[in-house]
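> Take a look at run.cif, mmCIF, C-alpha atoms:
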data_work
#
loop_
_atom_site.group_PDB
_atom_site.id
_atom_site.type_symbol
_atom_site.label_atom_id
_atom_site.label_comp_id
_atom_site.auth_asym_id
_atom_site.auth_seq_id
_atom_site.Cartn_x
_atom_site.Cartn_y
_atom_site.Cartn_z
ATOM 1 C CA MET A 1 -137.514 -10.718 89.253
ATOM 2 C CA SER A 2 -133.867 -10.582 90.198
ATOM 3 C CA SER A 3 -134.018 -13.801 92.228
ATOM 4 C CA VAL A 4 -134.868 -15.840 89.158
ATOM 5 C CA TYR A 5 -131.845 -14.348 87.447
ATOM 6 C CA LEU A 6 -129.603 -15.890 90.108
ATOM 7 C CA PHE A 7 -130.872 -19.336 89.153
ATOM 8 C CA GLU A 8 -130.051 -18.520 85.557
ATOM 9 C CA ILE A 9 -126.468 -17.546 86.369
ATOM 10 C CA GLY A 10 -126.171 -20.725 88.439
ATOM 11 C CA SER A 11 -127.277 -22.923 85.585
ATOM 12 C CA GLN A 12 -125.068 -21.020 83.117
ATOM 13 C CA LYS A 13 -122.111 -21.623 85.387
ATOM 14 C CA ALA A 14 -122.970 -25.325 85.721
ATOM 15 C CA GLN A 15 -123.209 -25.562 81.928
ATOM 16 C CA TRP A 16 -119.869 -23.819 81.526
ATOM 17 C CA LEU A 17 -118.227 -26.108 84.088
ATOM 18 C CA SER A 18 -119.586 -29.213 82.332
ATOM 19 C CA ALA A 19 -118.201 -27.943 79.028
ATOM 20 C CA ARG A 20 -114.849 -27.336 80.683
ATOM 21 C CA GLN A 21 -114.941 -30.836 82.153
ATOM 22 C CA THR A 22 -115.440 -32.184 78.615
ATOM 23 C CA ALA A 23 -112.417 -30.209 77.384
ATOM 24 C CA ILE A 24 -110.293 -31.561 80.254
ATOM 25 C CA ALA A 25 -111.501 -35.110 79.565
ATOM 26 C CA ALA A 26 -110.478 -34.743 75.907
ATOM 27 C CA ASN A 27 -107.038 -33.456 76.909
ATOM 28 C CA VAL A 28 -106.425 -36.234 79.418
ATOM 29 C CA ALA A 29 -107.649 -38.932 77.027
ATOM 30 C CA ASN A 30 -105.316 -37.564 74.348
ATOM 31 C CA ALA A 31 -102.350 -37.079 76.687
ATOM 32 C CA ASN A 32 -100.328 -39.587 74.659
ATOM 33 C CA THR A 33 -101.680 -38.826 71.184
ATOM 34 C CA PRO A 34 -98.979 -37.575 68.800
ATOM 35 C CA GLY A 35 -99.601 -34.063 67.473
ATOM 36 C CA TYR A 36 -102.541 -33.343 69.790
ATOM 37 C CA HIS A 37 -102.802 -29.785 71.091
ATOM 38 C CA ALA A 38 -104.338 -29.112 74.492
ATOM 39 C CA VAL A 39 -107.629 -27.181 74.432
ATOM 40 C CA ASP A 40 -109.649 -25.163 76.908
ATOM 41 C CA ILE A 41 -112.873 -23.156 76.719
ATOM 42 C CA GLN A 42 -113.216 -19.407 76.978
ATOM 43 C CA PRO A 43 -113.406 -17.995 80.531
ATOM 44 C CA PHE A 44 -116.785 -17.689 82.225
ATOM 45 C CA SER A 45 -116.554 -13.899 82.290
ATOM 46 C CA ALA A 46 -116.549 -13.956 78.478
ATOM 47 C CA VAL A 47 -119.771 -16.007 78.564
ATOM 48 C CA LEU A 48 -121.385 -13.431 80.838
ATOM 49 C CA ASP A 49 -120.143 -10.542 78.684
ATOM 50 C CA SER A 50 -121.584 -11.941 75.449
ATOM 51 C CA SER A 51 -124.822 -10.065 74.907
ATOM 52 C CA PRO A 52 -127.911 -12.142 75.499
ATOM 53 C CA ILE A 53 -129.981 -9.943 73.166
ATOM 54 C CA GLU A 54 -131.919 -11.941 70.626
ATOM 55 C CA LEU A 55 -134.051 -10.861 67.713
ATOM 56 C CA ALA A 56 -137.654 -11.942 68.024
ATOM 57 C CA THR A 57 -138.615 -14.541 65.441
ATOM 58 C CA THR A 58 -142.264 -13.929 64.701
ATOM 59 C CA ASN A 59 -142.275 -15.631 61.349
ATOM 60 C CA PRO A 60 -140.944 -19.087 60.448
ATOM 61 C CA ALA A 61 -138.901 -17.462 57.680
ATOM 62 C CA HIS A 62 -137.006 -15.314 60.177
ATOM 63 C CA LEU A 63 -133.453 -16.317 60.839
ATOM 64 C CA SER A 64 -132.100 -16.260 64.347
ATOM 65 C CA LEU A 65 -128.669 -14.885 65.168
ATOM 66 C CA PRO A 66 -126.091 -17.516 65.872
ATOM 67 C CA GLN A 67 -125.627 -17.670 69.640
ATOM 68 C CA SER A 68 -122.102 -17.715 70.967
ATOM 69 C CA GLU A 69 -121.670 -21.220 72.262
ATOM 70 C CA THR A 70 -120.616 -21.809 75.864
ATOM 71 C CA GLY A 71 -118.363 -24.709 75.044
ATOM 72 C CA ALA A 72 -116.415 -23.146 72.174
ATOM 73 C CA LEU A 73 -112.950 -24.665 72.304
ATOM 74 C CA ARG A 74 -109.722 -22.771 71.875
ATOM 75 C CA GLU A 75 -106.198 -24.048 71.773
ATOM 76 C CA VAL A 76 -104.060 -23.416 74.830
ATOM 77 C CA GLU A 77 -100.803 -21.612 74.150
ATOM 78 C CA VAL A 78 -97.972 -23.683 75.505
ATOM 79 C CA ASP A 79 -94.308 -22.884 75.921
ATOM 80 C CA PRO A 80 -92.591 -24.718 73.032
ATOM 81 C CA ALA A 81 -90.218 -26.257 75.573
ATOM 82 C CA GLU A 82 -93.139 -28.129 77.117
ATOM 83 C CA GLN A 83 -94.137 -29.739 73.855
ATOM 84 C CA THR A 84 -93.142 -33.383 73.630
ATOM 85 C CA LEU A 85 -91.171 -34.784 70.737
ATOM 86 C CA SER A 86 -94.368 -36.188 69.240
ATOM 87 C CA GLY A 87 -95.936 -32.708 69.137
ATOM 88 C CA ASN A 88 -98.273 -33.201 72.101
ATOM 89 C CA THR A 89 -98.867 -30.179 74.338
ATOM 90 C CA VAL A 90 -100.958 -31.737 77.132
ATOM 91 C CA ASN A 91 -99.565 -31.163 80.617
ATOM 92 C CA LEU A 92 -101.225 -33.811 82.794
ATOM 93 C CA GLU A 93 -100.441 -31.987 86.058
ATOM 94 C CA GLN A 94 -102.063 -28.800 84.785
ATOM 95 C CA GLN A 95 -105.106 -30.813 83.666
ATOM 96 C CA MET A 96 -105.398 -32.334 87.152
ATOM 97 C CA ILE A 97 -105.292 -28.832 88.675
ATOM 98 C CA ASN A 98 -108.042 -27.711 86.266
ATOM 99 C CA LEU A 99 -110.022 -30.792 87.207
ATOM 100 C CA GLY A 100 -109.803 -29.820 90.878
ATOM 101 C CA ASP A 101 -110.901 -26.280 90.053
ATOM 102 C CA VAL A 102 -113.940 -27.548 88.178
ATOM 103 C CA ASN A 103 -114.849 -29.902 91.008
ATOM 104 C CA ARG A 104 -114.638 -27.165 93.634
ATOM 105 C CA ASP A 105 -116.601 -24.631 91.598
ATOM 106 C CA TYR A 106 -119.262 -27.170 90.711
ATOM 107 C CA THR A 107 -119.768 -28.183 94.338
ATOM 108 C CA MET A 108 -119.943 -24.544 95.366
ATOM 109 C CA GLY A 109 -122.387 -23.706 92.573
ATOM 110 C CA SER A 110 -124.718 -26.553 93.377
ATOM 111 C CA ASN A 111 -124.637 -25.735 97.101
ATOM 112 C CA ILE A 112 -125.503 -22.120 96.368
ATOM 113 C CA GLN A 113 -128.383 -23.260 94.178
ATOM 114 C CA ARG A 114 -129.601 -25.520 96.952
ATOM 115 C CA ALA A 115 -129.362 -22.761 99.570
ATOM 116 C CA PHE A 116 -131.230 -20.377 97.335
ATOM 117 C CA HIS A 117 -133.885 -22.945 96.619
ATOM 118 C CA GLN A 118 -134.354 -23.528 100.332
ATOM 119 C CA LEU A 119 -134.659 -19.788 100.788
ATOM 120 C CA LEU A 120 -137.479 -19.625 98.258
ATOM 121 C CA LEU A 121 -139.162 -22.644 99.830
ATOM 122 C CA SER A 122 -139.052 -21.177 103.337
ATOM 123 C CA ALA A 123 -140.729 -18.060 101.984
ATOM 124 C CA LEU A 124 -143.483 -20.238 100.516
ATOM 125 C CA LYS A 125 -144.106 -22.377 103.588
ATOM 126 C CA MET B 1 -126.280 -32.539 71.731
ATOM 127 C CA GLN B 2 -125.619 -34.815 74.640
ATOM 128 C CA ASP B 3 -125.086 -33.740 78.194
ATOM 129 C CA SER B 4 -121.498 -32.467 78.511
ATOM 130 C CA LEU B 5 -120.806 -34.446 81.673
ATOM 131 C CA GLN B 6 -121.865 -37.674 79.978
ATOM 132 C CA THR B 7 -119.671 -36.707 77.033
ATOM 133 C CA ALA B 8 -116.768 -36.205 79.452
ATOM 134 C CA LEU B 9 -117.439 -39.680 80.862
ATOM 135 C CA ARG B 10 -117.404 -41.215 77.393
ATOM 136 C CA ILE B 11 -114.166 -39.449 76.458
ATOM 137 C CA ALA B 12 -112.517 -40.660 79.663
ATOM 138 C CA ALA B 13 -113.763 -44.173 78.884
ATOM 139 C CA SER B 14 -112.153 -44.008 75.429
ATOM 140 C CA GLY B 15 -108.893 -42.972 77.107
ATOM 141 C CA LEU B 16 -109.100 -45.906 79.518
ATOM 142 C CA GLN B 17 -109.680 -48.275 76.644
ATOM 143 C CA ALA B 18 -106.759 -46.906 74.625
ATOM 144 C CA GLN B 19 -104.386 -47.093 77.579
ATOM 145 C CA SER B 20 -105.405 -50.655 78.420
ATOM 146 C CA THR B 21 -104.731 -51.695 74.813
ATOM 147 C CA ARG B 22 -101.295 -50.132 75.203
ATOM 148 C CA LEU B 23 -100.741 -52.057 78.430
ATOM 149 C CA ARG B 24 -101.786 -55.270 76.689
ATOM 150 C CA ILE B 25 -99.158 -54.702 73.991
ATOM 151 C CA VAL B 26 -96.526 -53.911 76.645
ATOM 152 C CA SER B 27 -97.246 -57.131 78.512
ATOM 153 C CA GLN B 28 -97.150 -59.051 75.240
ATOM 154 C CA ASN B 29 -93.713 -57.577 74.477
ATOM 155 C CA ILE B 30 -92.325 -58.314 77.941
ATOM 156 C CA ALA B 31 -93.715 -61.851 77.938
ATOM 157 C CA ASN B 32 -92.060 -62.485 74.577
ATOM 158 C CA ALA B 33 -88.757 -60.774 75.407
ATOM 159 C CA GLN B 34 -86.954 -64.112 75.060
ATOM 160 C CA SER B 35 -89.090 -65.797 72.405
ATOM 161 C CA THR B 36 -86.805 -67.044 69.668
ATOM 162 C CA GLY B 37 -87.784 -68.863 66.494
ATOM 163 C CA SER B 38 -87.831 -72.655 66.359
ATOM 164 C CA ALA B 39 -85.978 -73.408 63.102
ATOM 165 C CA PRO B 40 -82.260 -72.612 62.607
ATOM 166 C CA GLY B 41 -81.750 -68.980 61.617
ATOM 167 C CA SER B 42 -85.457 -68.182 61.913
ATOM 168 C CA GLU B 43 -86.862 -64.830 62.987
ATOM 169 C CA PRO B 44 -87.722 -64.320 66.662
ATOM 170 C CA TYR B 45 -90.685 -62.377 68.115
ATOM 171 C CA ALA B 46 -90.787 -58.812 66.766
ATOM 172 C CA ARG B 47 -91.684 -56.051 69.215
ATOM 173 C CA GLN B 48 -95.144 -54.573 68.674
ATOM 174 C CA THR B 49 -95.909 -50.887 68.929
ATOM 175 C CA VAL B 50 -99.170 -49.061 69.477
ATOM 176 C CA SER B 51 -100.030 -45.541 68.341
ATOM 177 C CA PHE B 52 -102.980 -43.354 69.222
ATOM 178 C CA GLU B 53 -104.968 -40.812 67.293
ATOM 179 C CA SER B 54 -107.556 -38.234 68.224
ATOM 180 C CA GLU B 55 -110.764 -38.922 66.353
ATOM 181 C CA MET B 56 -114.014 -37.012 66.106
ATOM 182 C CA ASP B 57 -116.952 -38.986 67.456
ATOM 183 C CA ARG B 58 -119.920 -37.640 65.499
ATOM 184 C CA THR B 59 -122.633 -38.928 67.820
ATOM 185 C CA LEU B 60 -120.762 -37.445 70.779
ATOM 186 C CA GLY B 61 -119.630 -34.258 69.047
ATOM 187 C CA ALA B 62 -116.254 -34.475 70.768
ATOM 188 C CA ASN B 63 -112.738 -35.699 70.183
ATOM 189 C CA VAL B 64 -112.166 -39.140 71.652
ATOM 190 C CA VAL B 65 -108.962 -41.115 71.522
ATOM 191 C CA ALA B 66 -108.599 -44.350 69.608
ATOM 192 C CA VAL B 67 -105.865 -46.816 68.814
ATOM 193 C CA LYS B 68 -104.657 -45.830 65.355
ATOM 194 C CA SER B 69 -102.608 -48.896 64.587
ATOM 195 C CA ILE B 70 -100.707 -51.724 66.161
ATOM 196 C CA GLY B 71 -97.444 -51.873 64.277
ATOM 197 C CA VAL B 72 -94.312 -53.947 64.299
ATOM 198 C CA ASP B 73 -90.993 -52.481 65.404
ATOM 199 C CA SER B 74 -88.589 -52.840 62.463
ATOM 200 C CA SER B 75 -85.398 -52.277 64.433
ATOM 201 C CA PRO B 76 -82.784 -55.058 63.968
ATOM 202 C CA PHE B 77 -82.765 -58.166 66.148
ATOM 203 C CA LYS B 78 -80.005 -58.721 68.669
ATOM 204 C CA LEU B 79 -77.596 -61.564 67.944
ATOM 205 C CA GLU B 80 -76.547 -63.800 70.792
ATOM 206 C CA ARG B 81 -74.221 -66.751 70.785
ATOM 207 C CA ASP B 82 -76.061 -69.859 71.976
ATOM 208 C CA PRO B 83 -75.128 -72.930 69.871
ATOM 209 C CA GLY B 84 -77.486 -75.203 71.837
ATOM 210 C CA ASN B 85 -80.575 -73.213 70.902
ATOM 211 C CA PRO B 86 -82.805 -74.806 68.227
ATOM 212 C CA ALA B 87 -82.892 -71.423 66.471
ATOM 213 C CA ALA B 88 -79.087 -71.158 66.250
ATOM 214 C CA ASP B 89 -77.612 -70.844 62.738
ATOM 215 C CA GLU B 90 -74.430 -72.580 61.518
ATOM 216 C CA GLY B 91 -72.284 -70.053 63.406
ATOM 217 C CA GLY B 92 -74.132 -70.736 66.657
ATOM 218 C CA MET B 93 -75.741 -67.288 66.660
ATOM 219 C CA VAL B 94 -79.385 -66.870 67.713
ATOM 220 C CA LYS B 95 -81.572 -63.936 66.737
ATOM 221 C CA MET B 96 -83.154 -62.519 69.910
ATOM 222 C CA PRO B 97 -86.283 -60.307 69.933
ATOM 223 C CA ASN B 98 -85.738 -56.543 69.589
ATOM 224 C CA VAL B 99 -87.531 -55.993 72.907
ATOM 225 C CA ASP B 100 -85.823 -53.737 75.437
ATOM 226 C CA VAL B 101 -87.399 -54.540 78.795
ATOM 227 C CA LEU B 102 -86.392 -51.159 80.257
ATOM 228 C CA THR B 103 -88.217 -49.327 77.462
ATOM 229 C CA GLU B 104 -91.252 -51.530 77.979
ATOM 230 C CA LEU B 105 -91.250 -50.827 81.717
ATOM 231 C CA ALA B 106 -91.049 -47.072 81.077
ATOM 232 C CA ASP B 107 -93.921 -47.413 78.632
ATOM 233 C CA MET B 108 -95.876 -49.368 81.232
ATOM 234 C CA ARG B 109 -95.381 -46.637 83.827
ATOM 235 C CA GLU B 110 -96.568 -43.983 81.393
ATOM 236 C CA ALA B 111 -99.618 -46.042 80.452
ATOM 237 C CA ASN B 112 -100.336 -46.507 84.143
ATOM 238 C CA ARG B 113 -100.095 -42.796 84.823
ATOM 239 C CA SER B 114 -102.363 -41.890 81.914
ATOM 240 C CA TYR B 115 -104.840 -44.586 82.937
ATOM 241 C CA GLU B 116 -105.042 -43.146 86.437
ATOM 242 C CA ALA B 117 -105.559 -39.631 85.095
ATOM 243 C CA ASN B 118 -108.427 -40.829 82.888
ATOM 244 C CA LEU B 119 -109.924 -42.703 85.816
ATOM 245 C CA GLN B 120 -109.777 -39.535 87.892
ATOM 246 C CA VAL B 121 -111.677 -37.613 85.213
ATOM 247 C CA ALA B 122 -114.294 -40.361 84.928
ATOM 248 C CA LYS B 123 -114.750 -40.519 88.702
ATOM 249 C CA GLN B 124 -115.153 -36.783 88.996
ATOM 250 C CA SER B 125 -117.616 -36.548 86.096
ATOM 251 C CA ALA B 126 -119.756 -39.222 87.721
ATOM 252 C CA GLU B 127 -119.521 -37.388 91.027
ATOM 253 C CA MET B 128 -120.622 -34.118 89.418
ATOM 254 C CA LEU B 129 -123.596 -35.876 87.828
ATOM 255 C CA SER B 130 -124.707 -37.245 91.176
ATOM 256 C CA THR B 131 -124.194 -33.833 92.801
ATOM 257 C CA THR B 132 -126.654 -32.426 90.287
ATOM 258 C CA ILE B 133 -129.109 -35.208 90.935
ATOM 259 C CA SER B 134 -128.824 -34.782 94.689
ATOM 260 C CA LEU B 135 -130.048 -31.187 94.262
ATOM 261 C CA MET B 136 -133.480 -32.739 93.915
ATOM 262 C CA LYS B 137 -133.224 -34.464 97.268
ATOM 263 C CA ASP B 138 -134.500 -33.081 100.598
ATOM 264 C CA ALA B 139 -135.764 -29.886 99.001
#
Before we go any further, please render this structure as structure tokens.

Amino acid sequence: MSSVYLFEIGSQKAQWLSARQTAIAANVANANTPGYHAVDIQPFSAVLDSSPIELATTNPAHLSLPQSETGALREVEVDPAEQTLSGNTVNLEQQMINLGDVNRDYTMGSNIQRAFHQLLLSALK
Amino acid sequence: MQDSLQTALRIAASGLQAQSTRLRIVSQNIANAQSTGSAPGSEPYARQTVSFESEMDRTLGANVVAVKSIGVDSSPFKLERDPGNPAADEGGMVKMPNVDVLTELADMREANRSYEANLQVAKQSAEMLSTTISLMKDA
């Protein structure tokens, strides 16, 4: 059923946003750590594009394919001029903007989930 | 693996802790900016420094920040002429601490800024958690 799939996308997005929040938290916490390089996770479109096909494991000896992880970190490329003398590449302002983005998307996502849930409930009642 | 939002909260908490340690050292330096020794020619208060490092928290599976070391600034002491001071040597010169109040104030402002940023992350993570929980309400 396609409606159930919407819930799945919603929860995938929430998971992705939480992972991004963790990356931002790590950057902000390490904003004054010498030699620390700012990180971010891959965009959500890349998560959606990664094929969800899995091999069936019918026997305990079967190995499952490694799933691409939602929260895989990658280093952010920064203009060398923005790097501090101590080798830190965290831009606090940019992190605050990212934080706002995450907050907005998360609120929107959870409101959509709620609306959709209410929709299903009204069909049941 | 732990919930990512809780992990974010923990990371922000580690940042808060590191920045408050830094602020403690700054206040210690400023408070002792005029602390000389007590015997003639003795060493005054030496400025302390704090450095951070990113460390992997295995239970969390994420990089938190921790205070790497609290060191002592080895830059030379300033000499001031004050023959009446108990720490003055035969020439009347007193060794003053190598604390530059302006540097300390700049450091304090930076610590303050970083502390606020960490607080913002912690607040928002907590807010996101309660948004998720409130999905269960009035359904």
> So what does the PyMOL selection byres ((chain B and resi 129) around 12) actually pick up in this one, as a list of chain:residue names?
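Output from the PyMOL selection byres ((chain B and resi 129) around 12), applied to this file: A:Ala14, A:Gln15, A:Leu17, A:Ser18, A:Gln21, A:Asn103, A:Tyr106, A:Thr107, A:Ser110, B:Asp3, B:Ser4, B:Leu5, B:Gln6, B:Thr7, B:Ala8, B:Leu9, B:Ala122, B:Lys123, B:Gln124, B:Ser125, B:Ala126, B:Glu127, B:Met128, B:Ser130, B:Thr131, B:Thr132, B:Ile133, B:Ser134, B:Leu135.
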> Please identify all residues of chain B having at least one atom at most 7 Å from any atom of chain A, considering all atoms listed in the file, and return them as a PyMOL selection string.
chain B and resi 4-5+7-8+11-12+14-15+52-54+63-65+117-118+121+132+135+139
> Taking the file as shown, what set of residues would the PyMOL selection byres ((chain B and resi 68) around 8) give back, as a list in words?
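Applying the expression gives Val50, Ser51, Phe52, Glu53, Ala66, Val67, Ser69 and Ile70 of chain B.
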> For the atom pair atom CA of B:Arg10 and atom CA of B:Asp57, what is the interatomic distance in Å to one decimal place?
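Atom CA of B:Asp57 lies at a distance of 10.2 Å from atom CA of B:Arg10.
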> Just checking: using all atoms listed in the file, which residue out of B:Lys95, B:Leu105, B:Asp100, B:Ser114 ends up closest to B:Ala39?
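Counting all atoms listed in the file, the residue closest to B:Ala39 is B:Lys95.
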> How many Å separate atom CA of A:Ile9 from atom CA of A:Pro43?
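It comes out at 14.3 Å.
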> For atom CA of A:Leu73 and atom CA of A:Val39, determine how far apart the two atoms are, in Å to one decimal place.
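Taking atom CA of A:Leu73 as the start and atom CA of A:Val39 as the end point, the length is 6.3 Å.
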